[in-house]
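Below is the file structure.tsv, which contains TSV, C-alpha atoms.
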chain	number	residue	atom	x	y	z
A	13	MET	CA	0.00	0.00	0.00
A	14	SER	CA	1.46	3.37	-0.98
A	15	ARG	CA	1.95	6.11	1.57
A	16	LEU	CA	-0.74	8.27	-0.11
A	17	ILE	CA	-3.30	5.46	-0.02
A	18	ARG	CA	-2.43	4.78	3.61
A	19	ILE	CA	-2.98	8.44	4.56
A	20	LEU	CA	-6.28	8.60	2.68
A	21	SER	CA	-7.39	5.41	4.42
A	22	LEU	CA	-6.59	6.90	7.82
A	23	LEU	CA	-8.50	10.07	6.99
A	24	CYS	CA	-11.48	8.00	5.88
A	25	SER	CA	-11.49	6.06	9.13
A	26	VAL	CA	-11.54	9.33	11.08
A	27	THR	CA	-14.44	10.80	9.11
A	28	THR	CA	-16.53	7.63	9.37
A	29	GLY	CA	-15.77	7.11	13.04
A	30	VAL	CA	-14.48	3.60	12.39
A	31	ALA	CA	-11.11	2.83	13.96
A	32	GLU	CA	-8.87	1.05	11.49
A	33	PRO	CA	-6.86	-1.74	13.16
A	34	LEU	CA	-3.20	-1.13	13.72
A	35	ARG	CA	-1.29	-3.58	11.58
A	36	ILE	CA	1.15	-5.10	14.06
A	37	VAL	CA	4.01	-7.32	12.93
A	38	ALA	CA	6.28	-9.53	15.01
A	39	ASP	CA	8.72	-12.32	14.39
A	40	GLU	CA	8.01	-15.64	16.06
A	41	TRP	CA	10.02	-15.56	19.28
A	42	PRO	CA	8.58	-17.82	21.97
A	43	PRO	CA	7.77	-17.21	24.75
A	44	TYR	CA	7.44	-13.54	23.76
A	45	VAL	CA	5.71	-14.12	20.41
A	46	ASP	CA	4.05	-17.51	20.06
A	47	PRO	CA	1.03	-17.87	17.75
A	48	THR	CA	0.32	-21.36	19.13
A	49	VAL	CA	-0.85	-20.15	22.57
A	50	PRO	CA	-4.09	-18.27	23.38
A	51	GLY	CA	-2.49	-14.92	24.21
A	52	ARG	CA	0.03	-15.34	21.35
A	53	GLY	CA	2.94	-14.84	23.71
A	54	LEU	CA	3.95	-12.60	26.58
A	55	ALA	CA	5.00	-9.62	24.44
A	56	ILE	CA	1.92	-9.75	22.21
A	57	GLU	CA	-0.46	-10.03	25.16
A	58	LEU	CA	1.11	-6.98	26.82
A	59	VAL	CA	1.19	-4.99	23.58
A	60	THR	CA	-2.36	-5.73	22.46
A	61	GLU	CA	-3.75	-4.98	25.91
A	62	ALA	CA	-1.95	-1.64	25.99
A	63	PHE	CA	-3.19	-0.67	22.53
A	64	SER	CA	-6.72	-1.81	23.37
A	65	ARG	CA	-6.77	0.48	26.39
A	66	ALA	CA	-5.55	3.32	24.18
A	67	GLY	CA	-8.48	2.73	21.81
A	68	TYR	CA	-6.63	0.93	19.02
A	69	PRO	CA	-7.86	-2.41	17.68
A	70	THR	CA	-5.00	-4.52	16.37
A	71	GLN	CA	-4.31	-7.02	13.62
A	72	LEU	CA	-1.25	-9.24	14.11
A	73	THR	CA	0.94	-10.68	11.37
A	74	VAL	CA	3.82	-13.00	12.28
A	75	GLU	CA	6.72	-12.64	9.83
A	76	ASP	CA	10.40	-13.44	9.85
A	77	TRP	CA	12.48	-10.65	11.33
A	78	SER	CA	13.90	-9.22	8.09
A	79	HIS	CA	10.45	-8.92	6.50
A	80	SER	CA	8.96	-7.52	9.72
A	81	LEU	CA	11.50	-4.73	9.87
A	82	GLU	CA	11.40	-3.95	6.16
A	83	GLY	CA	7.60	-3.92	6.14
A	84	ALA	CA	7.43	-1.46	9.04
A	85	VAL	CA	10.05	0.85	7.54
A	86	ILE	CA	8.09	1.22	4.28
A	87	GLY	CA	4.68	1.36	5.96
A	88	VAL	CA	3.24	-2.04	5.07
A	89	TYR	CA	2.90	-2.50	8.85
A	90	ASP	CA	2.13	0.18	11.43
A	91	VAL	CA	3.87	-1.32	14.45
A	92	VAL	CA	6.72	-3.69	15.22
A	93	ALA	CA	5.67	-5.39	18.44
A	94	ASN	CA	9.03	-6.66	19.71
A	95	ILE	CA	12.14	-4.66	18.91
A	96	TRP	CA	15.36	-3.54	20.54
A	97	TYR	CA	16.62	-0.02	20.03
A	98	THR	CA	19.23	1.02	17.48
A	99	ASP	CA	19.94	4.50	16.16
A	100	ASP	CA	19.64	3.21	12.59
A	101	TRP	CA	16.15	1.79	13.11
A	102	ALA	CA	15.03	4.88	15.04
A	103	ARG	CA	15.38	6.97	11.89
A	104	ASP	CA	12.40	5.12	10.40
A	105	LEU	CA	10.60	3.92	13.52
A	106	HIS	CA	9.21	5.83	16.51
A	107	TYR	CA	10.02	3.89	19.66
A	108	SER	CA	7.79	3.50	22.71
A	109	ASP	CA	8.90	3.28	26.30
A	110	ALA	CA	10.37	-0.12	27.14
A	111	TYR	CA	7.80	-2.68	28.26
A	112	LEU	CA	10.11	-5.63	29.03
A	113	VAL	CA	13.82	-6.22	29.61
A	114	ASN	CA	15.64	-9.10	27.92
A	115	ASP	CA	18.41	-10.77	29.92
A	116	ILE	CA	21.01	-11.57	27.25
A	117	ARG	CA	23.33	-14.45	28.19
A	118	PHE	CA	25.95	-16.78	26.82
A	119	VAL	CA	25.18	-20.48	27.13
A	120	LYS	CA	27.83	-23.20	26.87
A	121	ARG	CA	28.09	-26.99	27.11
A	122	LYS	CA	28.14	-28.11	30.71
A	123	GLY	CA	31.67	-28.91	31.88
A	124	SER	CA	33.28	-26.50	29.41
A	125	ASP	CA	36.05	-24.42	30.97
A	126	ILE	CA	34.90	-21.19	29.28
A	127	VAL	CA	34.64	-18.21	31.60
A	128	PHE	CA	33.46	-14.71	30.75
A	129	ASP	CA	34.64	-11.63	32.57
A	130	ASP	CA	35.32	-9.54	29.48
A	131	TYR	CA	35.45	-10.25	25.77
A	132	ARG	CA	39.16	-10.97	25.81
A	133	ASP	CA	38.27	-14.24	27.56
A	134	LEU	CA	36.34	-15.34	24.45
A	135	ARG	CA	38.89	-14.66	21.73
A	136	GLY	CA	38.97	-17.51	19.23
A	137	ARG	CA	35.67	-18.93	20.46
A	138	VAL	CA	32.95	-19.88	17.97
A	139	ILE	CA	29.69	-18.19	18.94
A	140	GLY	CA	26.28	-18.91	17.42
A	141	ILE	CA	24.07	-15.89	16.74
A	142	VAL	CA	20.79	-15.23	14.89
A	143	LYS	CA	20.85	-12.95	11.85
A	144	ASP	CA	19.59	-9.36	12.01
A	145	TYR	CA	19.24	-9.23	15.80
A	146	ALA	CA	20.44	-6.08	17.57
A	147	TYR	CA	22.83	-7.68	20.04
A	148	PRO	CA	24.55	-5.42	22.59
A	149	GLN	CA	27.00	-3.08	20.91
A	150	ALA	CA	29.91	-4.20	23.08
A	151	PHE	CA	29.44	-7.75	21.80
A	152	LEU	CA	29.11	-6.63	18.17
A	153	ARG	CA	32.29	-4.55	18.45
A	154	ALA	CA	34.35	-7.20	20.24
A	155	GLY	CA	37.31	-8.42	18.20
A	156	GLY	CA	38.66	-11.94	17.95
A	157	LEU	CA	35.28	-13.69	18.23
A	158	ILE	CA	34.12	-16.08	15.52
A	159	LYS	CA	30.43	-15.29	15.06
A	160	VAL	CA	28.43	-17.87	13.10
A	161	VAL	CA	25.11	-16.56	11.81
A	162	ASN	CA	22.01	-18.79	11.93
A	163	ASP	CA	18.51	-18.23	10.58
A	164	VAL	CA	16.90	-19.41	13.82
A	165	LEU	CA	18.05	-20.00	17.39
A	166	VAL	CA	17.42	-23.74	17.43
A	167	GLN	CA	20.07	-24.18	14.75
A	168	ALA	CA	22.65	-22.45	16.91
A	169	LEU	CA	21.68	-24.47	19.98
A	170	GLY	CA	21.84	-27.70	18.01
A	171	ASP	CA	25.37	-26.78	16.94
A	172	LEU	CA	26.28	-26.03	20.55
A	173	VAL	CA	25.04	-29.39	21.81
A	174	ALA	CA	26.82	-31.16	18.94
A	175	GLY	CA	30.10	-29.38	19.67
A	176	ARG	CA	30.19	-27.36	16.46
A	177	CYS	CA	30.29	-24.06	18.35
A	178	ASP	CA	31.47	-23.03	21.81
A	179	LEU	CA	28.76	-20.60	22.87
A	180	VAL	CA	25.35	-19.27	21.89
A	181	ILE	CA	24.07	-15.83	22.81
A	182	ASP	CA	20.40	-14.90	23.20
A	183	ASP	CA	17.72	-13.97	25.71
A	184	LYS	CA	17.73	-16.41	28.63
A	185	HIS	CA	13.96	-16.98	28.56
A	186	VAL	CA	14.08	-17.67	24.82
A	187	ILE	CA	16.93	-20.15	25.18
A	188	ASP	CA	15.08	-21.95	27.99
A	189	PHE	CA	11.89	-22.18	25.94
A	190	THR	CA	13.67	-23.33	22.77
A	191	MET	CA	15.62	-26.02	24.59
A	192	ARG	CA	12.51	-27.36	26.35
A	193	LYS	CA	10.54	-27.50	23.11
A	194	TYR	CA	13.08	-28.74	20.59
A	195	LEU	CA	16.02	-30.22	22.49
A	196	PRO	CA	14.59	-31.43	25.82
A	197	ASP	CA	16.98	-34.37	26.08
A	198	SER	CA	19.92	-31.95	25.93
A	199	LEU	CA	18.78	-29.56	28.66
A	200	SER	CA	21.12	-31.12	31.18
A	201	ARG	CA	24.05	-30.66	28.79
A	202	ILE	CA	24.10	-26.86	28.78
A	203	GLU	CA	24.61	-24.11	31.34
A	204	TYR	CA	24.70	-20.32	31.39
A	205	LEU	CA	27.76	-18.23	31.99
A	206	SER	CA	27.06	-16.31	35.17
A	207	LYS	CA	27.74	-12.81	33.86
A	208	PRO	CA	24.97	-11.26	31.72
A	209	VAL	CA	26.03	-9.95	28.34
A	210	GLY	CA	23.49	-7.17	28.58
A	211	LEU	CA	19.99	-6.19	29.55
A	212	ASN	CA	18.21	-5.13	26.35
A	213	GLN	CA	15.01	-3.14	26.63
A	214	LEU	CA	12.10	-4.34	24.50
A	215	HIS	CA	9.87	-1.77	22.79
A	216	VAL	CA	7.14	-1.38	20.25
A	217	ALA	CA	8.09	0.87	17.35
A	218	VAL	CA	5.64	2.65	15.07
A	219	SER	CA	6.41	3.31	11.42
A	220	ARG	CA	7.14	6.98	10.81
A	221	VAL	CA	5.26	6.55	7.51
A	222	ASN	CA	2.09	6.47	9.63
A	223	PRO	CA	1.11	10.14	10.14
A	224	GLN	CA	-0.31	9.30	13.57
A	225	HIS	CA	2.92	7.75	14.93
A	226	ASP	CA	3.33	10.36	17.68
A	227	ARG	CA	-0.21	9.82	18.96
A	228	ILE	CA	0.01	6.03	18.73
A	229	VAL	CA	3.24	5.90	20.76
A	230	ALA	CA	1.88	8.32	23.35
A	231	GLY	CA	-1.27	6.21	23.76
A	232	PHE	CA	0.75	3.04	24.19
A	233	ASN	CA	3.02	4.64	26.80
A	234	ARG	CA	0.06	6.00	28.73
A	235	SER	CA	-1.67	2.59	28.77
A	236	LEU	CA	1.52	0.85	29.83
A	237	ARG	CA	1.82	3.13	32.85
A	238	GLN	CA	-1.81	2.42	33.73
A	239	MET	CA	-1.27	-1.35	33.47
A	240	LYS	CA	1.70	-1.19	35.82
A	241	ALA	CA	-0.25	0.93	38.29
A	242	ASP	CA	-3.37	-1.27	38.41
A	243	GLY	CA	-1.54	-4.62	38.61
A	244	SER	CA	-2.64	-6.00	35.22
A	245	TYR	CA	0.93	-5.81	33.88
A	246	ALA	CA	2.21	-7.99	36.73
A	247	ARG	CA	-0.65	-10.45	36.29
A	248	ILE	CA	0.23	-11.02	32.64
A	249	LEU	CA	3.88	-11.60	33.54
A	250	ASP	CA	2.85	-14.07	36.24
A	251	ALA	CA	0.65	-15.99	33.81
A	252	TYR	CA	3.74	-16.71	31.68
A	253	GLY	CA	5.97	-17.49	34.65
A	254	TYR	CA	8.18	-14.57	33.73
A	255	GLN	CA	10.64	-13.50	36.39
A	256	PRO	CA	12.26	-10.13	35.54
Could you express the structure from this file as structure tokens?
Amino acid sequence: MSRLIRILSLLCSVTTGVAEPLRIVADEWPPYVDPTVPGRGLAIELVTEAFSRAGYPTQLTVEDWSHSLEGAVIGVYDVVANIWYTDDWARDLHYSDAYLVNDIRFVKRKGSDIVFDDYRDLRGRVIGIVKDYAYPQAFLRAGGLIKVVNDVLVQALGDLVAGRCDLVIDDKHVIDFTMRKYLPDSLSRIEYLSKPVGLNQLHVAVSRVNPQHDRIVAGFNRSLRQMKADGSYARILDAYGYQP
């Protein structure tokens, strides 16, 4: 849909009094985005509740990450539901306040002698990552690390268990979920390095192509504050067993 058509559509919805659904996109990222469960994942349940309170009906599309980001940048989608901040993306996307924090960790095979105090400890190590994710800048800048890009996390974890890489980096809750679902027999074979790599804040981001992006973000932020104040935010976290 062209930008002109999108603007005309928005104006039409205002004049007719019919609220057009926000087209939300997210990449599948259990337990945060999981189309197989009733609430469609922790992040989606929080996001849709906040937008509902702000008066915005929503329509969710689950896409791979590259298509999600590209679609939001050009205005095919209004909102990316689960995104970390980068200056590059912020040029095209208007970020909300953070609504969750991702605990980013390294995981290794149990019994491995790898330790992590700073990145010099990991020089020469093979580390599995997932393409297009905005990992902490210190990790991305670190020299001497052999970073192997995977399409999905389970590939990286499979390589870790099989001994084809030394470490995998991702959100701790996502690693736990992925291991339980796809590699349950190997759960006892991995362990986390004790030091977090980083604590990445999770946001929604509204396409700047949408002429209402300021208002949409403000409404989301206002609803998020209300949810935290009235206890509904904590109840949703508890329902997913999420421990910040």
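Point (8.4, -14.7, 35.1) has the following residues at most 12 Å away: Pro43, Tyr44, Leu54, Leu112, Val113, Asn114, Asp115, Lys184, His185, Tyr245, Ala246, Arg247, Ile248, Leu249, Asp250, Ala251, Tyr252, Gly253, Tyr254, Gln255 and Pro256 of chain A (atoms considered: all atoms listed in the file).
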- Query: Near A:Gly83, within 12 Å and counting all atoms listed in the file, which residues show up once chain neighbours fewer than 6 positions away are dropped, as an MDAnalysis selection string?
  - Reply: chainID A and resid 13:14 35:39 73:77 89:92 104:105 218:221
- Task: Rounded to one decimal place, report the atom CA of A:Glu57-atom CA of A:Ala217 distance in Å.
- Result: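 Computing the Euclidean distance for atom CA of A:Glu57 and atom CA of A:Ala217 yields 15.9 Å.
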- Message: Report as a PyMOL selection string all protein, DNA and RNA residues lying within 12 Å of A:Arg227, evaluated on only C-alpha atoms, omitting residues in the same chain fewer than 5 positions from it.
- Response: chain A and resi 63+66-68+106-108+218-220+222+232-234
- Task: Within 12 Å of (18.9, 2.3, 14.0) (coordinates as in the file), grab all the protein and nucleic acid residues, counting all atoms listed in the file, and write them out as a list in words.
- Result: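 Protein, DNA and RNA residues close to (18.9, 2.3, 14.0): Leu81, Val85, Ile95, Trp96, Tyr97, Thr98, Asp99, Asp100, Trp101, Ala102, Arg103, Asp104, Leu105, His106, Tyr107, Asp144, Tyr145, Ala146, Gln149 and Ala217 of chain A.
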- Point-to-point distance in Å for atom CA of A:Gln213 and atom CA of A:Leu236: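 Going from atom CA of A:Leu236 over to atom CA of A:Gln213, I get 14.4 Å.
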- Task: Find, counting all atoms listed in the file, the residue in A:Glu32, A:Asn94, A:Val49, A:Arg153 that gets nearest to A:Gln71.
- Result: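 Of A:Glu32, A:Asn94, A:Val49, A:Arg153, the one nearest A:Gln71 is A:Glu32, counting all atoms listed in the file.
Between atom CA of A:Arg201 and atom CA of A:Arg121 there is a distance of 5.7 Å.
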